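This is query.cif (mmCIF, C-alpha atoms).
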data_input
#
loop_
_atom_site.label_atom_id
_atom_site.label_comp_id
_atom_site.auth_asym_id
_atom_site.auth_seq_id
_atom_site.Cartn_x
_atom_site.Cartn_y
_atom_site.Cartn_z
CA MET A 43 0.00 0.00 0.00
CA ILE A 44 1.61 3.24 -1.17
CA ASP A 45 1.70 6.04 1.39
CA VAL A 46 2.86 9.58 0.52
CA LYS A 47 3.46 11.96 3.42
CA LEU A 48 4.58 15.59 3.34
CA LEU A 49 7.46 15.98 5.79
CA SER A 50 8.33 19.62 5.26
CA ILE A 51 7.55 22.58 3.04
CA THR A 52 9.01 26.08 2.94
CA ALA A 53 7.08 28.32 5.35
CA ASN A 54 5.01 31.00 3.63
CA ALA A 55 6.33 29.64 0.35
CA GLU A 56 4.12 31.67 -1.95
CA LYS A 57 4.91 34.93 -0.12
CA LEU A 58 8.60 34.08 -0.37
CA ILE A 59 8.36 33.44 -4.10
CA GLU A 60 6.61 36.76 -4.61
CA GLU A 61 9.24 38.56 -2.53
CA CYS A 62 12.09 36.96 -4.49
CA GLY A 63 10.40 37.41 -7.84
CA ARG A 64 9.71 41.09 -7.37
CA THR A 65 13.44 41.62 -6.99
CA ALA A 66 13.76 41.07 -10.74
CA TYR A 67 11.30 43.88 -11.45
CA LEU A 68 11.91 46.03 -8.34
CA SER A 69 8.14 46.11 -8.03
CA PHE A 70 7.86 45.82 -4.24
CA ASN A 71 5.48 48.80 -4.19
CA MET A 72 2.91 46.63 -5.99
CA LYS A 73 2.69 44.09 -3.16
CA ASN A 74 -0.58 43.96 -1.29
CA SER A 75 -2.83 41.41 0.41
CA ASP A 76 -4.15 40.18 -2.94
CA SER A 77 -1.04 40.35 -5.11
CA THR A 78 0.64 37.01 -4.37
CA ALA A 79 -1.59 34.71 -6.42
CA ARG A 80 -1.64 37.00 -9.45
CA PHE A 81 2.13 37.50 -9.35
CA ILE A 82 2.94 33.77 -9.06
CA ARG A 83 0.57 32.90 -11.88
CA MET A 84 2.14 35.62 -14.00
CA LEU A 85 5.56 34.01 -13.40
CA ILE A 86 4.20 30.66 -14.60
CA LYS A 87 2.61 32.20 -17.67
CA SER A 88 5.82 34.01 -18.58
CA GLY A 89 8.01 30.96 -17.93
CA HIS A 90 10.01 32.75 -15.21
CA LEU A 91 10.27 29.57 -13.15
CA SER A 92 13.75 30.05 -11.68
CA VAL A 93 12.05 32.02 -8.88
CA PHE A 94 10.31 28.79 -7.82
CA GLU A 95 13.68 27.37 -6.81
CA HIS A 96 13.58 29.44 -3.60
CA ALA A 97 10.93 27.11 -2.09
CA SER A 98 11.06 23.36 -1.57
CA ALA A 99 9.11 20.39 -0.21
CA SER A 100 10.13 17.02 1.24
CA PHE A 101 8.05 13.84 1.01
CA ARG A 102 8.34 10.37 2.53
CA ILE A 103 7.08 7.64 0.21
CA LYS A 104 6.39 4.16 1.59
CA GLY A 105 5.23 1.04 -0.19
CA GLY A 106 6.62 1.83 -3.61
CA SER A 107 8.73 -0.74 -5.40
CA ARG A 108 12.44 -0.62 -6.15
CA ALA A 109 11.39 -0.34 -9.80
CA PHE A 110 9.70 2.94 -8.85
CA THR A 111 12.62 4.30 -6.83
CA HIS A 112 15.08 3.46 -9.62
CA GLN A 113 13.09 5.83 -11.82
CA LEU A 114 12.69 8.53 -9.19
CA VAL A 115 16.37 8.88 -8.30
CA ARG A 116 17.21 9.77 -11.90
CA HIS A 117 16.01 13.29 -11.11
CA ARG A 118 19.40 14.72 -10.23
CA MET A 119 18.13 18.14 -9.13
CA ALA A 120 16.45 16.50 -6.14
CA SER A 121 17.89 15.00 -2.93
CA PHE A 122 17.14 11.45 -1.77
CA THR A 123 17.54 9.25 1.28
CA GLN A 124 16.45 5.65 0.74
CA GLN A 125 16.02 2.52 2.83
CA SER A 126 19.32 0.66 2.60
CA GLN A 127 19.38 -2.99 1.61
CA ARG A 128 22.95 -3.10 2.87
CA TYR A 129 21.97 -2.33 6.46
CA VAL A 130 18.28 -3.34 6.63
CA ASN A 131 17.50 -7.05 6.86
CA GLU A 132 15.09 -7.93 4.06
CA ASN A 133 14.40 -11.46 5.31
CA ASN A 134 10.64 -10.85 5.29
CA PHE A 135 10.28 -8.30 2.50
CA SER A 136 6.96 -7.12 1.12
CA PHE A 137 6.50 -6.63 -2.60
CA VAL A 138 4.42 -4.80 -5.17
CA ILE A 139 2.33 -6.75 -7.69
CA PRO A 140 1.58 -4.93 -10.97
CA GLN A 141 -2.13 -4.85 -11.79
CA SER A 142 -1.57 -6.71 -15.07
CA ILE A 143 -0.12 -9.61 -13.08
CA GLU A 144 -2.69 -9.31 -10.29
CA ASN A 145 -5.47 -9.72 -12.87
CA ASN A 146 -3.92 -12.80 -14.47
CA ASN A 147 -4.18 -15.87 -12.24
CA GLU A 148 -1.44 -17.81 -13.99
CA ALA A 149 0.94 -14.87 -14.03
CA LYS A 150 0.22 -14.04 -10.39
CA LYS A 151 0.94 -17.62 -9.33
CA LEU A 152 4.28 -17.61 -11.18
CA PHE A 153 5.15 -14.16 -9.82
CA ILE A 154 4.49 -15.00 -6.17
CA SER A 155 6.25 -18.35 -6.49
CA HIS A 156 9.36 -16.64 -7.82
CA LEU A 157 9.35 -14.05 -5.03
CA GLU A 158 8.92 -16.70 -2.35
CA ASP A 159 11.83 -18.64 -3.86
CA THR A 160 13.88 -15.43 -3.83
CA LYS A 161 13.02 -14.80 -0.19
CA TYR A 162 14.07 -18.33 0.68
CA LEU A 163 17.36 -17.94 -1.22
CA TYR A 164 18.09 -14.61 0.48
CA ASN A 165 17.53 -16.13 3.91
CA GLN A 166 19.64 -19.16 3.05
CA LEU A 167 22.52 -16.91 2.04
CA LEU A 168 22.26 -15.05 5.34
CA SER A 169 22.14 -18.32 7.26
CA ILE A 170 25.46 -19.48 5.81
CA GLY A 171 27.19 -16.24 6.70
CA ILE A 172 26.76 -14.10 3.59
CA LYS A 173 26.53 -10.43 4.53
CA LYS A 174 23.35 -8.48 3.78
CA GLU A 175 25.29 -6.28 1.38
CA ASP A 176 26.01 -9.33 -0.80
CA ALA A 177 22.82 -11.32 -0.20
CA ARG A 178 20.84 -8.33 -1.51
CA PHE A 179 22.10 -9.10 -5.01
CA VAL A 180 19.28 -11.64 -5.38
CA LEU A 181 16.52 -9.20 -4.36
CA PRO A 182 13.99 -8.20 -7.06
CA ASN A 183 12.71 -4.84 -8.34
CA ALA A 184 9.30 -5.76 -6.92
CA ILE A 185 10.47 -5.41 -3.31
CA GLU A 186 8.96 -2.49 -1.37
CA SER A 187 11.23 0.36 -0.37
CA GLU A 188 11.00 3.60 1.58
CA ILE A 189 12.44 6.84 0.29
CA VAL A 190 12.53 10.54 1.18
CA ILE A 191 12.81 13.11 -1.60
CA THR A 192 13.37 16.85 -1.36
CA ALA A 193 13.11 19.14 -4.35
CA ASN A 194 12.47 22.80 -5.06
CA PHE A 195 9.16 23.78 -6.61
CA ARG A 196 10.59 24.22 -10.09
CA GLU A 197 11.95 20.68 -10.02
CA TRP A 198 8.68 19.38 -8.56
CA ARG A 199 6.80 20.88 -11.49
CA HIS A 200 9.16 19.09 -13.85
CA ILE A 201 9.03 15.74 -12.01
CA LEU A 202 5.27 15.74 -11.64
CA PHE A 203 4.62 16.63 -15.26
CA ILE A 204 6.85 14.01 -16.88
CA ARG A 205 6.05 11.31 -14.30
CA GLY A 206 2.35 12.08 -14.36
CA GLU A 207 1.82 12.01 -18.11
CA LYS A 208 0.12 9.22 -20.02
CA GLN A 209 3.33 7.48 -21.08
CA ALA A 210 4.71 7.28 -17.53
CA GLN A 211 4.86 3.94 -15.74
CA TRP A 212 1.68 3.32 -13.70
CA GLU A 213 3.29 3.24 -10.25
CA ILE A 214 5.32 6.43 -10.49
CA ARG A 215 2.35 8.16 -12.15
CA LYS A 216 0.10 7.29 -9.19
CA ILE A 217 2.69 8.63 -6.73
CA ALA A 218 3.16 11.80 -8.79
CA ILE A 219 -0.59 12.40 -8.66
CA ASP A 220 -0.64 11.87 -4.88
CA ILE A 221 2.17 14.41 -4.44
CA LEU A 222 0.49 16.94 -6.73
CA LYS A 223 -2.75 16.70 -4.75
CA ILE A 224 -0.85 17.63 -1.58
CA LEU A 225 1.05 20.50 -3.20
CA LYS A 226 -2.13 21.93 -4.73
CA LEU A 227 -3.57 22.11 -1.21
CA LYS A 228 -0.48 23.67 0.36
CA VAL A 229 0.68 26.02 -2.41
CA PRO A 230 -2.20 26.15 -4.92
CA ASN A 231 -0.91 29.06 -6.99
CA CYS A 232 2.46 27.43 -7.65
CA PHE A 233 0.72 24.45 -9.24
CA TYR A 234 -2.53 26.05 -10.38
CA ASP A 235 -2.04 25.12 -14.03
CA MET A 236 -1.33 21.43 -13.35
CA LYS A 237 -4.54 19.44 -13.61
CA ILE A 238 -5.41 15.80 -12.91
CA GLU A 239 -7.70 14.31 -15.54
CA ASP A 240 -8.36 10.58 -16.02
CA ASN A 241 -5.43 9.77 -13.69
CA ILE A 242 -3.03 11.80 -15.81
CA ILE A 243 -1.32 15.11 -15.03
CA ILE A 244 -1.70 17.75 -17.71
CA ILE A 245 -0.72 21.40 -18.05
CA ASP A 246 -3.73 23.65 -18.61
CA LYS A 247 -2.44 26.60 -20.61
CA THR A 248 -5.88 28.18 -20.94
CA GLY A 249 -6.18 29.23 -17.30
CA LYS A 250 -6.22 32.92 -16.44
CA TYR A 251 -3.99 34.45 -13.84
#
Starting from the coordinates I provided, produce the structure as structure tokens.
Amino acid sequence: MIDVKLLSITANAEKLIEECGRTAYLSFNMKNSDSTARFIRMLIKSGHLSVFEHASASFRIKGGSRAFTHQLVRHRMASFTQQSQRYVNENNFSFVIPQSIENNNEAKKLFISHLEDTKYLYNQLLSIGIKKEDARFVLPNAIESEIVITANFREWRHILFIRGEKQAQWEIRKIAIDILKILKLKVPNCFYDMKIEDNIIIIDKTGKY
């Protein structure tokens, strides 16, 4: 079961982005109680997204597979801390079953049988003195992992768009959607143009600011 939890987000992030952004225009005199949303949306419309790098958010993601985390850590403008298979004993690991396998009885039987054999092999290696750091070589991509990711808002917009689009792998797309839902609640103007339709993230370029 995938669980996405917000650990931290820049305090008063949207106010900070407005403050930083107005430095470019020296338009501080235009700030008022209603100016933040309009200013941030103007930045998005104009493509002035470097200002979004002043704010960041950290998430803990549990229950995703190693196949998912292998994709996520390719985003080099983010920071990661992941459950270590070198130090954590995986003798009773949980695993993720893709829906296509879950819905196919024969495939599911083969899949679970293989994972149980792998678990047995892993434990046998440990029992004869093989260190966890070497026994882990037999562990599959299906195994569940835990990871923390921190990224600035500009990078989050990039990650969520490419990992939430139709061509993205189903697991990372679901997690991207979960993260976007949280960010739209916390900092709605920074992600106002990112919409969720039919379990896909799209950019709505028709929205007014």
Show which residues sit within 12 Å of A:Leu58, as a list of chain:residue names. Count all atoms listed in the file, and ignore same-chain residues fewer than 5 positions away. A:Thr52, A:Ala53, A:Gly63, A:Arg64, A:Thr65, A:Lys73, A:Thr78, A:Ala79, A:Phe81, A:Ile82, A:Val93, A:Phe94, A:Glu95, A:His96, A:Ala97, A:Ser98, A:Val229, A:Cys232
Can you list what the PyMOL selection byres ((chain A and resi 163-180) around 12) grabs from this structure, as a list of chain:residue names?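 Taken on the displayed file, the PyMOL selection byres ((chain A and resi 163-180) around 12) yields the residues A:Ser126, A:Gln127, A:Arg128, A:Tyr129, A:Val130, A:Asn131, A:Glu132, A:Asn133, A:Asn134, A:Phe135, A:His156, A:Leu157, A:Glu158, A:Asp159, A:Thr160, A:Lys161, A:Tyr162, A:Leu181, A:Pro182, A:Asn183, A:Ala184, A:Ile185.
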What would the file look like if the residues just selected were written as a compact mmCIF listing (two decimals), keeping the file's coordinate frame with C-alpha atoms?
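Just written: again.txt:
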# COMPACT_ATOMS: atom_id res chain seq x y z
CA SER A 126 19.32 0.66 2.60
CA GLN A 127 19.38 -2.99 1.61
CA ARG A 128 22.95 -3.10 2.87
CA TYR A 129 21.97 -2.33 6.46
CA VAL A 130 18.28 -3.34 6.63
CA ASN A 131 17.50 -7.05 6.86
CA GLU A 132 15.09 -7.93 4.06
CA ASN A 133 14.40 -11.46 5.31
CA ASN A 134 10.64 -10.85 5.29
CA PHE A 135 10.28 -8.30 2.50
CA HIS A 156 9.36 -16.64 -7.82
CA LEU A 157 9.35 -14.05 -5.03
CA GLU A 158 8.92 -16.70 -2.35
CA ASP A 159 11.83 -18.64 -3.86
CA THR A 160 13.88 -15.43 -3.83
CA LYS A 161 13.02 -14.80 -0.19
CA TYR A 162 14.07 -18.33 0.68
CA LEU A 181 16.52 -9.20 -4.36
CA PRO A 182 13.99 -8.20 -7.06
CA ASN A 183 12.71 -4.84 -8.34
CA ALA A 184 9.30 -5.76 -6.92
CA ILE A 185 10.47 -5.41 -3.31
By how many Å are atom CA of A:Leu222 and atom CA of A:Tyr67 apart?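 Separation between atom CA of A:Leu222 and atom CA of A:Tyr67: 29.4 Å.
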Explicit residue set for the PyMOL selection byres ((chain A and resi 103) around 7), as a ChimeraX atom specification: /A:45-47,101-102,104-106,188-190
Please report the interatomic distance between atom CA of A:Ile243 and atom CA of A:Phe203 in Å with one decimal. 6.1 Å
Could you list, with a cut-off of 12 Å and counting all atoms listed in the file, the residues of stretch 76-142 of chain A near stretch 233-240 of chain A, each shown with its nearest atom pair and the distance in Å rounded to one decimal, rows sorted by chain and ascending number, as a Markdown table?
| residue | atom | partner | partner_atom | distance |
| --- | --- | --- | --- | --- |
| A:Ala79 | CA | A:Tyr234 | CA | 9.6 |
| A:Arg80 | CA | A:Tyr234 | CA | 11.0 |
| A:Ile82 | CA | A:Tyr234 | CA | 9.6 |
| A:Arg83 | CA | A:Tyr234 | CA | 7.7 |
| A:Met84 | CA | A:Tyr234 | CA | 11.2 |
| A:Leu85 | CA | A:Phe233 | CA | 11.5 |
| A:Ile86 | CA | A:Asp235 | CA | 8.4 |
| A:Lys87 | CA | A:Asp235 | CA | 9.2 |
| A:Leu91 | CA | A:Phe233 | CA | 11.5 |
| A:Phe94 | CA | A:Phe233 | CA | 10.6 |
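Between atom CA of A:Ser187 and atom CA of A:Ser107 there is a distance of 5.7 Å.
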In file coordinates, which residues lie within 7 Å of (2.8, 29.5, -2.4) using only C-alpha atoms, given as a PyMOL selection string? chain A and resi 54-57+229-232
Can you check which parts of stretch 201-234 of chain A lie within 12 Å of stretch 111-116 of chain A? Per residue, the shortest pair of atoms and distance in Å to one decimal, counting all atoms listed in the file, sorted by chain and number, as a tab-separated table.
residue	atom	partner	partner_atom	distance
A:Ile201	CA	A:Leu114	CA	8.6
A:Leu202	CA	A:Leu114	CA	10.6
A:Ile204	CA	A:Leu114	CA	11.1
A:Arg205	CA	A:Leu114	CA	8.8
A:Ala210	CA	A:Gln113	CA	10.2
A:Gln211	CA	A:Gln113	CA	9.3
A:Trp212	CA	A:Gln113	CA	11.8
A:Glu213	CA	A:Thr111	CA	10.0
A:Ile214	CA	A:Leu114	CA	7.8
A:Arg215	CA	A:Leu114	CA	10.8
A:Ile217	CA	A:Leu114	CA	10.3
A:Ala218	CA	A:Leu114	CA	10.1
Nearest to A:Ser136, chosen from A:Arg118, A:Arg196, A:Lys216, A:Arg108, with only C-alpha atoms counted in the distances: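 The answer is A:Arg108, which sits nearest to A:Ser136.
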Mind checking which residues fall within 12 Å of A:Ala66, counting only C-alpha atoms, ignoring those fewer than 4 positions away in the same chain, and posting them as an MDAnalysis selection string? chainID A and resid 59:62 70 85 90 92:93
